[in-house]
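Colleague: Sharing target-v7.txt below, compact mmCIF, N, CA and C atoms:
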# COMPACT_ATOMS: atom_id res chain seq x y z
N MET A 1 47.98 46.19 -95.03
CA MET A 1 46.93 46.47 -94.08
C MET A 1 45.91 45.34 -94.04
N LYS A 2 45.54 44.82 -95.22
CA LYS A 2 44.57 43.73 -95.28
C LYS A 2 45.11 42.47 -94.59
N LYS A 3 46.41 42.24 -94.76
CA LYS A 3 47.03 41.07 -94.12
C LYS A 3 47.01 41.22 -92.60
N THR A 4 47.23 42.41 -92.11
CA THR A 4 47.21 42.65 -90.67
C THR A 4 45.80 42.42 -90.10
N ILE A 5 44.80 42.93 -90.78
CA ILE A 5 43.41 42.74 -90.34
C ILE A 5 43.04 41.26 -90.38
N LEU A 6 43.43 40.59 -91.45
CA LEU A 6 43.15 39.16 -91.57
C LEU A 6 43.84 38.39 -90.44
N PHE A 7 45.08 38.73 -90.15
CA PHE A 7 45.81 38.08 -89.08
C PHE A 7 45.10 38.28 -87.73
N ILE A 8 44.66 39.50 -87.46
CA ILE A 8 43.98 39.80 -86.21
C ILE A 8 42.67 39.03 -86.11
N LEU A 9 41.91 38.99 -87.19
CA LEU A 9 40.63 38.26 -87.19
C LEU A 9 40.85 36.77 -86.98
N LEU A 10 41.84 36.20 -87.65
CA LEU A 10 42.13 34.78 -87.47
C LEU A 10 42.62 34.49 -86.05
N SER A 11 43.40 35.40 -85.49
CA SER A 11 43.88 35.23 -84.12
C SER A 11 42.71 35.22 -83.14
N PHE A 12 41.80 36.17 -83.29
CA PHE A 12 40.62 36.22 -82.41
C PHE A 12 39.77 34.96 -82.57
N ALA A 13 39.58 34.53 -83.80
CA ALA A 13 38.78 33.32 -84.04
C ALA A 13 39.42 32.12 -83.36
N PHE A 14 40.73 32.00 -83.45
CA PHE A 14 41.44 30.89 -82.80
C PHE A 14 41.32 30.97 -81.28
N ILE A 15 41.52 32.16 -80.72
CA ILE A 15 41.46 32.34 -79.27
C ILE A 15 40.07 32.01 -78.74
N PHE A 16 39.03 32.57 -79.34
CA PHE A 16 37.68 32.33 -78.85
C PHE A 16 37.25 30.89 -79.06
N ASN A 17 37.69 30.26 -80.12
CA ASN A 17 37.35 28.87 -80.37
C ASN A 17 38.11 27.95 -79.41
N SER A 18 39.32 28.29 -79.06
CA SER A 18 40.14 27.46 -78.19
C SER A 18 39.60 27.40 -76.77
N PHE A 19 38.97 28.46 -76.31
CA PHE A 19 38.51 28.51 -74.92
C PHE A 19 37.02 28.28 -74.77
N SER A 20 36.33 27.94 -75.84
CA SER A 20 34.90 27.69 -75.74
C SER A 20 34.65 26.26 -75.24
N GLN A 21 33.48 26.06 -74.67
CA GLN A 21 33.10 24.75 -74.17
C GLN A 21 31.86 24.29 -74.91
N ASP A 22 31.81 23.02 -75.25
CA ASP A 22 30.66 22.46 -75.94
C ASP A 22 29.65 21.98 -74.90
N LEU A 23 28.53 22.68 -74.81
CA LEU A 23 27.48 22.29 -73.87
C LEU A 23 26.26 21.73 -74.60
N SER A 24 26.47 21.25 -75.83
CA SER A 24 25.35 20.70 -76.59
C SER A 24 25.05 19.25 -76.20
N GLU A 25 26.05 18.51 -75.81
CA GLU A 25 25.87 17.10 -75.43
C GLU A 25 26.56 16.83 -74.09
N PRO A 26 25.81 16.35 -73.10
CA PRO A 26 26.45 16.03 -71.82
C PRO A 26 27.40 14.85 -71.95
N LYS A 27 28.44 14.86 -71.12
CA LYS A 27 29.40 13.76 -71.08
C LYS A 27 28.77 12.54 -70.40
N GLY A 28 27.88 12.81 -69.43
CA GLY A 28 27.23 11.72 -68.71
C GLY A 28 26.14 12.24 -67.81
N GLY A 29 25.59 11.33 -67.04
CA GLY A 29 24.53 11.71 -66.11
C GLY A 29 23.91 10.49 -65.48
N GLY A 30 22.75 10.69 -64.89
CA GLY A 30 22.04 9.60 -64.23
C GLY A 30 20.94 10.17 -63.36
N THR A 31 20.42 9.32 -62.49
CA THR A 31 19.36 9.72 -61.57
C THR A 31 19.80 9.44 -60.15
N LEU A 32 19.63 10.46 -59.29
CA LEU A 32 19.91 10.31 -57.88
C LEU A 32 18.60 10.32 -57.10
N ASP A 33 18.56 9.55 -56.04
CA ASP A 33 17.41 9.55 -55.14
C ASP A 33 17.65 10.54 -54.01
N ILE A 34 16.61 11.27 -53.62
CA ILE A 34 16.68 12.09 -52.42
C ILE A 34 16.43 11.15 -51.24
N VAL A 35 17.44 11.00 -50.37
CA VAL A 35 17.30 10.08 -49.24
C VAL A 35 17.04 10.81 -47.92
N LEU A 36 17.24 12.14 -47.90
CA LEU A 36 16.99 12.91 -46.69
C LEU A 36 16.78 14.37 -47.03
N VAL A 37 15.77 14.98 -46.43
CA VAL A 37 15.60 16.43 -46.45
C VAL A 37 15.40 16.84 -45.00
N SER A 38 16.30 17.67 -44.51
CA SER A 38 16.25 18.13 -43.13
C SER A 38 16.15 19.65 -43.12
N PRO A 39 14.95 20.21 -42.83
CA PRO A 39 14.76 21.65 -42.88
C PRO A 39 15.47 22.37 -41.73
N GLY A 40 15.96 23.57 -42.05
CA GLY A 40 16.56 24.45 -41.06
C GLY A 40 15.96 25.84 -41.20
N ASP A 41 16.53 26.81 -40.53
CA ASP A 41 16.04 28.19 -40.59
C ASP A 41 16.62 28.88 -41.84
N GLY A 42 15.85 28.91 -42.94
CA GLY A 42 16.30 29.53 -44.18
C GLY A 42 17.11 28.61 -45.07
N TYR A 43 17.20 27.35 -44.72
CA TYR A 43 17.95 26.39 -45.53
C TYR A 43 17.40 24.98 -45.28
N SER A 44 17.80 24.05 -46.13
CA SER A 44 17.54 22.62 -45.93
C SER A 44 18.81 21.86 -46.23
N ILE A 45 19.03 20.78 -45.52
CA ILE A 45 20.10 19.83 -45.83
C ILE A 45 19.46 18.72 -46.64
N MET A 46 20.06 18.42 -47.79
CA MET A 46 19.54 17.37 -48.66
C MET A 46 20.64 16.36 -48.95
N ASN A 47 20.31 15.09 -48.79
CA ASN A 47 21.23 14.01 -49.12
C ASN A 47 20.69 13.25 -50.32
N PHE A 48 21.59 12.91 -51.25
CA PHE A 48 21.25 12.20 -52.47
C PHE A 48 22.19 11.01 -52.63
N GLU A 49 21.71 9.98 -53.32
CA GLU A 49 22.60 8.89 -53.73
C GLU A 49 22.05 8.23 -54.97
N GLY A 50 22.98 7.67 -55.77
CA GLY A 50 22.60 6.98 -57.00
C GLY A 50 23.79 6.83 -57.92
N ASN A 51 23.53 6.29 -59.10
CA ASN A 51 24.60 6.02 -60.07
C ASN A 51 24.66 7.10 -61.13
N ILE A 52 25.88 7.54 -61.42
CA ILE A 52 26.16 8.54 -62.45
C ILE A 52 27.15 7.93 -63.43
N THR A 53 26.82 8.01 -64.72
CA THR A 53 27.68 7.49 -65.77
C THR A 53 29.10 8.04 -65.63
N GLY A 54 30.09 7.16 -65.64
CA GLY A 54 31.48 7.57 -65.54
C GLY A 54 31.99 7.71 -64.13
N TYR A 55 31.09 7.73 -63.14
CA TYR A 55 31.50 7.91 -61.75
C TYR A 55 31.00 6.82 -60.81
N GLY A 56 30.07 5.99 -61.23
CA GLY A 56 29.58 4.92 -60.38
C GLY A 56 28.63 5.42 -59.31
N LEU A 57 28.71 4.82 -58.13
CA LEU A 57 27.81 5.14 -57.02
C LEU A 57 28.24 6.45 -56.37
N VAL A 58 27.32 7.42 -56.34
CA VAL A 58 27.62 8.78 -55.87
C VAL A 58 26.77 9.10 -54.64
N PHE A 59 27.41 9.75 -53.65
CA PHE A 59 26.75 10.22 -52.45
C PHE A 59 26.96 11.73 -52.34
N VAL A 60 25.88 12.49 -52.13
CA VAL A 60 25.97 13.95 -52.11
C VAL A 60 25.21 14.49 -50.91
N LYS A 61 25.83 15.45 -50.23
CA LYS A 61 25.16 16.19 -49.15
C LYS A 61 25.25 17.67 -49.48
N LEU A 62 24.07 18.34 -49.54
CA LEU A 62 24.02 19.75 -49.91
C LEU A 62 23.27 20.56 -48.87
N LYS A 63 23.77 21.75 -48.62
CA LYS A 63 23.00 22.75 -47.88
C LYS A 63 22.40 23.67 -48.93
N VAL A 64 21.06 23.70 -48.99
CA VAL A 64 20.33 24.48 -49.98
C VAL A 64 19.73 25.66 -49.23
N ALA A 65 20.29 26.87 -49.44
CA ALA A 65 19.86 28.06 -48.71
C ALA A 65 19.14 29.02 -49.65
N SER A 66 18.06 29.62 -49.16
CA SER A 66 17.31 30.57 -49.98
C SER A 66 17.90 31.97 -49.82
N ILE A 67 17.72 32.77 -50.87
CA ILE A 67 18.22 34.16 -50.83
C ILE A 67 17.08 35.16 -50.92
N ASN A 68 15.83 34.65 -50.92
CA ASN A 68 14.68 35.57 -50.96
C ASN A 68 13.55 34.99 -50.11
N SER A 69 12.59 35.83 -49.75
CA SER A 69 11.51 35.40 -48.87
C SER A 69 10.57 34.39 -49.52
N SER A 70 10.48 34.39 -50.85
CA SER A 70 9.61 33.43 -51.54
C SER A 70 10.27 32.05 -51.68
N LYS A 71 11.54 31.96 -51.34
CA LYS A 71 12.30 30.71 -51.40
C LYS A 71 12.27 30.08 -52.80
N THR A 72 12.45 30.93 -53.80
CA THR A 72 12.46 30.47 -55.19
C THR A 72 13.86 30.43 -55.80
N SER A 73 14.87 30.85 -55.05
CA SER A 73 16.25 30.77 -55.55
C SER A 73 17.21 30.86 -54.38
N GLY A 74 18.45 30.45 -54.65
CA GLY A 74 19.43 30.50 -53.57
C GLY A 74 20.75 29.87 -53.94
N THR A 75 21.46 29.45 -52.90
CA THR A 75 22.82 28.92 -53.08
C THR A 75 22.90 27.46 -52.64
N LEU A 76 23.87 26.76 -53.21
CA LEU A 76 24.19 25.37 -52.86
C LEU A 76 25.57 25.33 -52.25
N ASP A 77 25.73 24.50 -51.24
CA ASP A 77 27.05 24.31 -50.64
C ASP A 77 27.10 22.89 -50.11
N GLY A 78 28.10 22.12 -50.52
CA GLY A 78 28.16 20.74 -50.05
C GLY A 78 29.35 19.98 -50.58
N ASP A 79 29.21 18.66 -50.52
CA ASP A 79 30.27 17.76 -50.95
C ASP A 79 29.68 16.54 -51.62
N ALA A 80 30.46 15.94 -52.51
CA ALA A 80 30.08 14.68 -53.16
C ALA A 80 31.24 13.70 -53.04
N ARG A 81 30.90 12.44 -52.87
CA ARG A 81 31.87 11.35 -52.84
C ARG A 81 31.37 10.27 -53.78
N THR A 82 32.29 9.59 -54.39
CA THR A 82 31.93 8.47 -55.24
C THR A 82 32.98 7.37 -55.13
N ILE A 83 32.51 6.17 -55.29
CA ILE A 83 33.40 5.02 -55.30
C ILE A 83 33.36 4.44 -56.71
N LEU A 84 34.50 4.52 -57.40
CA LEU A 84 34.57 3.99 -58.77
C LEU A 84 34.53 2.47 -58.72
N ASN A 85 34.28 1.85 -59.87
CA ASN A 85 34.20 0.40 -59.93
C ASN A 85 35.47 -0.30 -59.47
N ASP A 86 36.62 0.38 -59.58
CA ASP A 86 37.88 -0.23 -59.13
C ASP A 86 38.14 0.03 -57.64
N GLY A 87 37.19 0.68 -56.95
CA GLY A 87 37.33 0.94 -55.52
C GLY A 87 37.94 2.28 -55.17
N THR A 88 38.35 3.07 -56.17
CA THR A 88 38.94 4.39 -55.93
C THR A 88 37.87 5.34 -55.40
N LEU A 89 38.20 6.05 -54.33
CA LEU A 89 37.30 7.05 -53.76
C LEU A 89 37.70 8.43 -54.29
N ILE A 90 36.77 9.14 -54.91
CA ILE A 90 37.04 10.50 -55.34
C ILE A 90 35.98 11.43 -54.75
N SER A 91 36.32 12.72 -54.68
CA SER A 91 35.42 13.67 -54.04
C SER A 91 35.51 15.03 -54.71
N THR A 92 34.51 15.87 -54.42
CA THR A 92 34.50 17.24 -54.91
C THR A 92 33.70 18.11 -53.97
N PRO A 93 34.15 19.35 -53.76
CA PRO A 93 33.26 20.32 -53.09
C PRO A 93 32.22 20.79 -54.10
N ILE A 94 31.07 21.21 -53.60
CA ILE A 94 30.01 21.73 -54.47
C ILE A 94 29.64 23.13 -54.00
N LYS A 95 29.69 24.08 -54.92
CA LYS A 95 29.26 25.47 -54.69
C LYS A 95 28.46 25.87 -55.92
N GLY A 96 27.25 26.34 -55.72
CA GLY A 96 26.46 26.69 -56.88
C GLY A 96 25.20 27.46 -56.53
N SER A 97 24.26 27.44 -57.47
CA SER A 97 23.01 28.18 -57.35
C SER A 97 21.84 27.27 -57.70
N TRP A 98 20.66 27.68 -57.25
CA TRP A 98 19.45 26.93 -57.58
C TRP A 98 18.29 27.87 -57.83
N LYS A 99 17.30 27.33 -58.54
CA LYS A 99 16.07 28.05 -58.86
C LYS A 99 14.92 27.07 -58.67
N ARG A 100 13.80 27.52 -58.07
CA ARG A 100 12.65 26.64 -57.84
C ARG A 100 11.40 27.21 -58.46
N THR A 101 10.63 26.31 -59.11
CA THR A 101 9.28 26.61 -59.58
C THR A 101 8.40 25.48 -59.05
N ASP A 102 7.52 25.82 -58.12
CA ASP A 102 6.66 24.82 -57.48
C ASP A 102 7.53 23.72 -56.86
N ALA A 103 7.30 22.45 -57.24
CA ALA A 103 8.06 21.34 -56.64
C ALA A 103 9.28 20.96 -57.47
N LEU A 104 9.62 21.76 -58.48
CA LEU A 104 10.77 21.46 -59.33
C LEU A 104 11.89 22.46 -59.06
N MET A 105 13.07 21.93 -58.84
CA MET A 105 14.25 22.76 -58.60
C MET A 105 15.29 22.49 -59.67
N LYS A 106 16.06 23.51 -60.02
CA LYS A 106 17.20 23.37 -60.92
C LYS A 106 18.44 23.73 -60.13
N PHE A 107 19.43 22.84 -60.11
CA PHE A 107 20.71 23.09 -59.47
C PHE A 107 21.76 23.28 -60.56
N TYR A 108 22.64 24.27 -60.37
CA TYR A 108 23.73 24.55 -61.31
C TYR A 108 25.02 24.73 -60.52
N PHE A 109 26.07 24.00 -60.90
CA PHE A 109 27.35 24.18 -60.22
C PHE A 109 28.50 23.64 -61.06
N LEU A 110 29.70 24.06 -60.70
CA LEU A 110 30.93 23.50 -61.25
C LEU A 110 31.52 22.61 -60.18
N ASP A 111 32.04 21.46 -60.58
CA ASP A 111 32.77 20.66 -59.60
C ASP A 111 34.24 20.62 -59.96
N ALA A 112 35.05 20.47 -58.94
CA ALA A 112 36.50 20.38 -59.08
C ALA A 112 36.93 19.11 -58.36
N ILE A 113 36.93 18.01 -59.10
CA ILE A 113 37.15 16.69 -58.52
C ILE A 113 38.62 16.51 -58.15
N ASN A 114 38.86 15.78 -57.07
CA ASN A 114 40.23 15.63 -56.59
C ASN A 114 41.14 14.84 -57.54
N ASN A 115 40.61 14.29 -58.64
CA ASN A 115 41.46 13.64 -59.64
C ASN A 115 41.84 14.60 -60.78
N GLY A 116 41.44 15.87 -60.65
CA GLY A 116 41.78 16.88 -61.65
C GLY A 116 40.67 17.20 -62.64
N ALA A 117 39.64 16.38 -62.70
CA ALA A 117 38.52 16.64 -63.62
C ALA A 117 37.70 17.83 -63.14
N MET A 118 37.11 18.54 -64.09
CA MET A 118 36.18 19.64 -63.79
C MET A 118 34.97 19.49 -64.70
N ASN A 119 33.79 19.67 -64.12
CA ASN A 119 32.54 19.52 -64.86
C ASN A 119 31.59 20.67 -64.55
N PHE A 120 30.80 21.05 -65.55
CA PHE A 120 29.65 21.90 -65.32
C PHE A 120 28.47 20.95 -65.15
N VAL A 121 27.73 21.10 -64.05
CA VAL A 121 26.71 20.12 -63.68
C VAL A 121 25.35 20.79 -63.55
N MET A 122 24.32 20.12 -64.07
CA MET A 122 22.94 20.59 -63.95
C MET A 122 22.08 19.46 -63.41
N TRP A 123 21.28 19.78 -62.42
CA TRP A 123 20.33 18.81 -61.85
C TRP A 123 18.92 19.34 -62.03
N ASP A 124 17.99 18.46 -62.38
CA ASP A 124 16.56 18.74 -62.36
C ASP A 124 15.99 17.93 -61.20
N VAL A 125 15.62 18.60 -60.13
CA VAL A 125 15.19 17.94 -58.90
C VAL A 125 13.67 18.03 -58.79
N ASN A 126 13.03 16.87 -58.67
CA ASN A 126 11.59 16.80 -58.46
C ASN A 126 11.38 16.43 -56.99
N LEU A 127 10.96 17.39 -56.20
CA LEU A 127 10.83 17.18 -54.76
C LEU A 127 9.74 16.17 -54.42
N LEU A 128 8.64 16.16 -55.18
CA LEU A 128 7.55 15.24 -54.89
C LEU A 128 7.90 13.80 -55.25
N GLU A 129 8.66 13.62 -56.32
CA GLU A 129 9.08 12.27 -56.71
C GLU A 129 10.35 11.82 -56.00
N LYS A 130 11.01 12.75 -55.31
CA LYS A 130 12.27 12.48 -54.58
C LYS A 130 13.36 11.95 -55.52
N LYS A 131 13.48 12.61 -56.69
CA LYS A 131 14.47 12.22 -57.70
C LYS A 131 15.19 13.45 -58.23
N ALA A 132 16.43 13.26 -58.64
CA ALA A 132 17.22 14.30 -59.29
C ALA A 132 17.81 13.72 -60.57
N ASP A 133 17.43 14.29 -61.71
CA ASP A 133 18.04 13.90 -62.98
C ASP A 133 19.27 14.77 -63.18
N VAL A 134 20.41 14.12 -63.37
CA VAL A 134 21.71 14.79 -63.40
C VAL A 134 22.32 14.66 -64.79
N LYS A 135 22.91 15.77 -65.26
CA LYS A 135 23.75 15.70 -66.45
C LYS A 135 24.96 16.59 -66.21
N TYR A 136 26.11 16.14 -66.74
CA TYR A 136 27.33 16.93 -66.57
C TYR A 136 28.06 17.06 -67.90
N PHE A 137 28.76 18.17 -68.01
CA PHE A 137 29.53 18.51 -69.20
C PHE A 137 30.98 18.66 -68.77
N GLU A 138 31.86 17.86 -69.35
CA GLU A 138 33.27 17.88 -68.96
C GLU A 138 33.97 19.12 -69.48
N LEU A 139 34.57 19.86 -68.56
CA LEU A 139 35.37 21.04 -68.91
C LEU A 139 36.84 20.67 -69.02
N HIS A 140 37.30 19.81 -68.11
CA HIS A 140 38.68 19.30 -68.12
C HIS A 140 38.63 17.84 -67.68
N SER A 141 39.41 17.00 -68.32
CA SER A 141 39.44 15.58 -67.95
C SER A 141 40.36 15.39 -66.74
N ALA A 142 40.30 14.19 -66.17
CA ALA A 142 41.13 13.86 -65.01
C ALA A 142 42.60 13.92 -65.38
N ASP A 143 43.44 14.13 -64.35
CA ASP A 143 44.89 14.22 -64.56
C ASP A 143 45.50 12.90 -65.01
N ASN A 144 44.90 11.79 -64.59
CA ASN A 144 45.52 10.49 -64.89
C ASN A 144 45.12 9.95 -66.22
Now that the file is in, can you turn its structure into structure tokens?

Modeller:
Amino acid sequence: MKKTILFILLSFAFIFNSFSQDLSEPKGGGTLDIVLVSPGDGYSIMNFEGNITGYGLVFVKLKVASINSSKTSGTLDGDARTILNDGTLISTPIKGSWKRTDALMKFYFLDAINNGAMNFVMWDVNLLEKKADVKYFELHSADN
């Protein structure tokens, strides 16, 4: 009986450890500039560009829609493109959520890059400074 319980406990420990993700240290990041904010009815279109470690020059277009009348939280929907140093163009759709306190916004999303990589991404957006500090945590590496 003790061996069975030990086996079950070790199995659970292996399973939970195998599927966990380390979010203590980001794989990379950088700073993006806000180059355009175009307000709409209940949403804004925001364009960003800048350099991200591991991805080079990145261009992002997001639709930032509010889900409440105070406009303190909502959804993200958009696309990102990047040109690697070797000239390779890669892209990802963006779907996520955001939270705002005064002029500071937090963006959270998963990306599914067309090279097979997947990242959990967090942005700290300062609307007054027109900057976004980006960090990402690799969930799966690229296929190649």

Colleague: Could you find all residues in segment 6-143 of chain A that DSSP calls strand (DSSP E) from the backbone, and write them as a PyMOL selection string?

Modeller: chain A and resi 28-39+43-52+56-66+73-83+89-101+104-112+118-126+131-140

Colleague: Got a sec: who's within 9 Å of Lys27 of chain A, counting only C-alpha atoms, leaving out chain neighbours fewer than 4 positions off, as an MDAnalysis selection string?

Modeller: chainID A and resid 53:54 135:138

Colleague: What does the distance between atom C of Gly30 of chain A and atom C of Ser73 of chain A come to in Å, to one decimal place?

Modeller: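 About the pair atom C of Gly30 of chain A and atom C of Ser73 of chain A: they are 22.9 Å apart.
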
Colleague: Counting all atoms listed in the file, which of A:Ser44, A:Asn126, A:Thr72, A:Ser66 gets nearest to Lys99 of chain A?

Modeller: A:Thr72

Colleague: Which residue gives the smallest distance to Phe59 of chain A among A:Arg100, A:Lys95, A:Arg81, A:Lys131, with all atoms listed in the file counted?

Modeller: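 When distances to Phe59 of chain A are compared using all atoms listed in the file, the smallest one comes from A:Arg81.
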
Colleague: Could you pull out the alpha helix (DSSP H) residues of chain A from DSSP and send them as an NGL selection string?

Modeller: :A and (2-18)

Colleague: Using only N, CA and C atoms, which protein or nucleic acid residues come within 8 Å of Val58 of chain A? Drop anything in the same chain fewer than 4 positions from it, and give the result as a PyMOL selection string.

Modeller: chain A and resi 32+48-52+80-84

Colleague: Restrict the selected residues to N, CA and C atoms and save them as a PDB file, in the frame of the given file.

Modeller:
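result_30.pdb, written as the output of this step:
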ATOM      1  N   LEU A  32      19.630  10.460 -59.290  1.00  0.00           N
ATOM      2  CA  LEU A  32      19.910  10.310 -57.880  1.00  0.00           C
ATOM      3  C   LEU A  32      18.600  10.320 -57.100  1.00  0.00           C
ATOM      4  N   PHE A  48      21.590  12.910 -51.250  1.00  0.00           N
ATOM      5  CA  PHE A  48      21.250  12.200 -52.470  1.00  0.00           C
ATOM      6  C   PHE A  48      22.190  11.010 -52.630  1.00  0.00           C
ATOM      7  N   GLU A  49      21.710   9.980 -53.320  1.00  0.00           N
ATOM      8  CA  GLU A  49      22.600   8.890 -53.730  1.00  0.00           C
ATOM      9  C   GLU A  49      22.050   8.230 -54.970  1.00  0.00           C
ATOM     10  N   GLY A  50      22.980   7.670 -55.770  1.00  0.00           N
ATOM     11  CA  GLY A  50      22.600   6.980 -57.000  1.00  0.00           C
ATOM     12  C   GLY A  50      23.790   6.830 -57.920  1.00  0.00           C
ATOM     13  N   ASN A  51      23.530   6.290 -59.100  1.00  0.00           N
ATOM     14  CA  ASN A  51      24.600   6.020 -60.070  1.00  0.00           C
ATOM     15  C   ASN A  51      24.660   7.100 -61.130  1.00  0.00           C
ATOM     16  N   ILE A  52      25.880   7.540 -61.420  1.00  0.00           N
ATOM     17  CA  ILE A  52      26.160   8.540 -62.450  1.00  0.00           C
ATOM     18  C   ILE A  52      27.150   7.930 -63.430  1.00  0.00           C
ATOM     19  N   ALA A  80      30.460  15.940 -52.510  1.00  0.00           N
ATOM     20  CA  ALA A  80      30.080  14.680 -53.160  1.00  0.00           C
ATOM     21  C   ALA A  80      31.240  13.700 -53.040  1.00  0.00           C
ATOM     22  N   ARG A  81      30.900  12.440 -52.870  1.00  0.00           N
ATOM     23  CA  ARG A  81      31.870  11.350 -52.840  1.00  0.00           C
ATOM     24  C   ARG A  81      31.370  10.270 -53.780  1.00  0.00           C
ATOM     25  N   THR A  82      32.290   9.590 -54.390  1.00  0.00           N
ATOM     26  CA  THR A  82      31.930   8.470 -55.240  1.00  0.00           C
ATOM     27  C   THR A  82      32.980   7.370 -55.130  1.00  0.00           C
ATOM     28  N   ILE A  83      32.510   6.170 -55.290  1.00  0.00           N
ATOM     29  CA  ILE A  83      33.400   5.020 -55.300  1.00  0.00           C
ATOM     30  C   ILE A  83      33.360   4.440 -56.710  1.00  0.00           C
ATOM     31  N   LEU A  84      34.500   4.520 -57.400  1.00  0.00           N
ATOM     32  CA  LEU A  84      34.570   3.990 -58.770  1.00  0.00           C
ATOM     33  C   LEU A  84      34.530   2.470 -58.720  1.00  0.00           C
TER      34      LEU A  84
END

Colleague: Determine the nearest neighbour of Asn115 of chain A from the options A:Ser70, A:Ser141, A:Ser97, A:Ser38, counting only N, CA and C atoms.

Modeller: A:Ser141

Colleague: Around the point (25.3, 25.2, -47.2) in the file's coordinates, collect all residues with an atom within 6.5 Å, using all atoms listed in the file, and return them as a PyMOL selection string.

Modeller: chain A and resi 62-65+75-78

Colleague: If we count only C-alpha atoms and set the cut-off at 8 Å, which residues sit around Asn119 of chain A, ignoring sequence neighbours fewer than 2 positions away in its own chain? Please answer as number ranges by chain.

Modeller: A: 110-112, 117, 121, 136-140

Colleague: May I ask which of the residues A:Met118, A:Leu57, A:Ile94, A:Ile34 is the closest one to Lys130 of chain A, counting only N, CA and C atoms?

Modeller: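 That would be A:Ile34, the residue with the smallest distance to Lys130 of chain A.
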
Colleague: For Asp124 of chain A, which of A:Asn68, A:Thr88, A:Asn47, A:Thr101 is the closest residue, counting only C-alpha atoms?

Modeller: A:Thr101

Colleague: Report, in Å to a single decimal, how far apart atom CA of Gly87 of chain A and atom CA of Lys61 of chain A are.

Modeller: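 Computing it gives 20.5 Å between the two atoms.
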
Colleague: Would you compute the distance between atom CA of Ala132 of chain A and atom C of Gly56 of chain A? Give it in Å to one decimal.

Modeller: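 Answer for the atom CA of Ala132 of chain A to atom C of Gly56 of chain A separation: 14.5 Å.
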
Colleague: Between A:Val37, A:Val134, A:Leu89, A:Leu128, single out the one closest to Phe109 of chain A, counting only C-alpha atoms.

Modeller: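 Ranked by minimum distance to Phe109 of chain A, first place goes to A:Val134.
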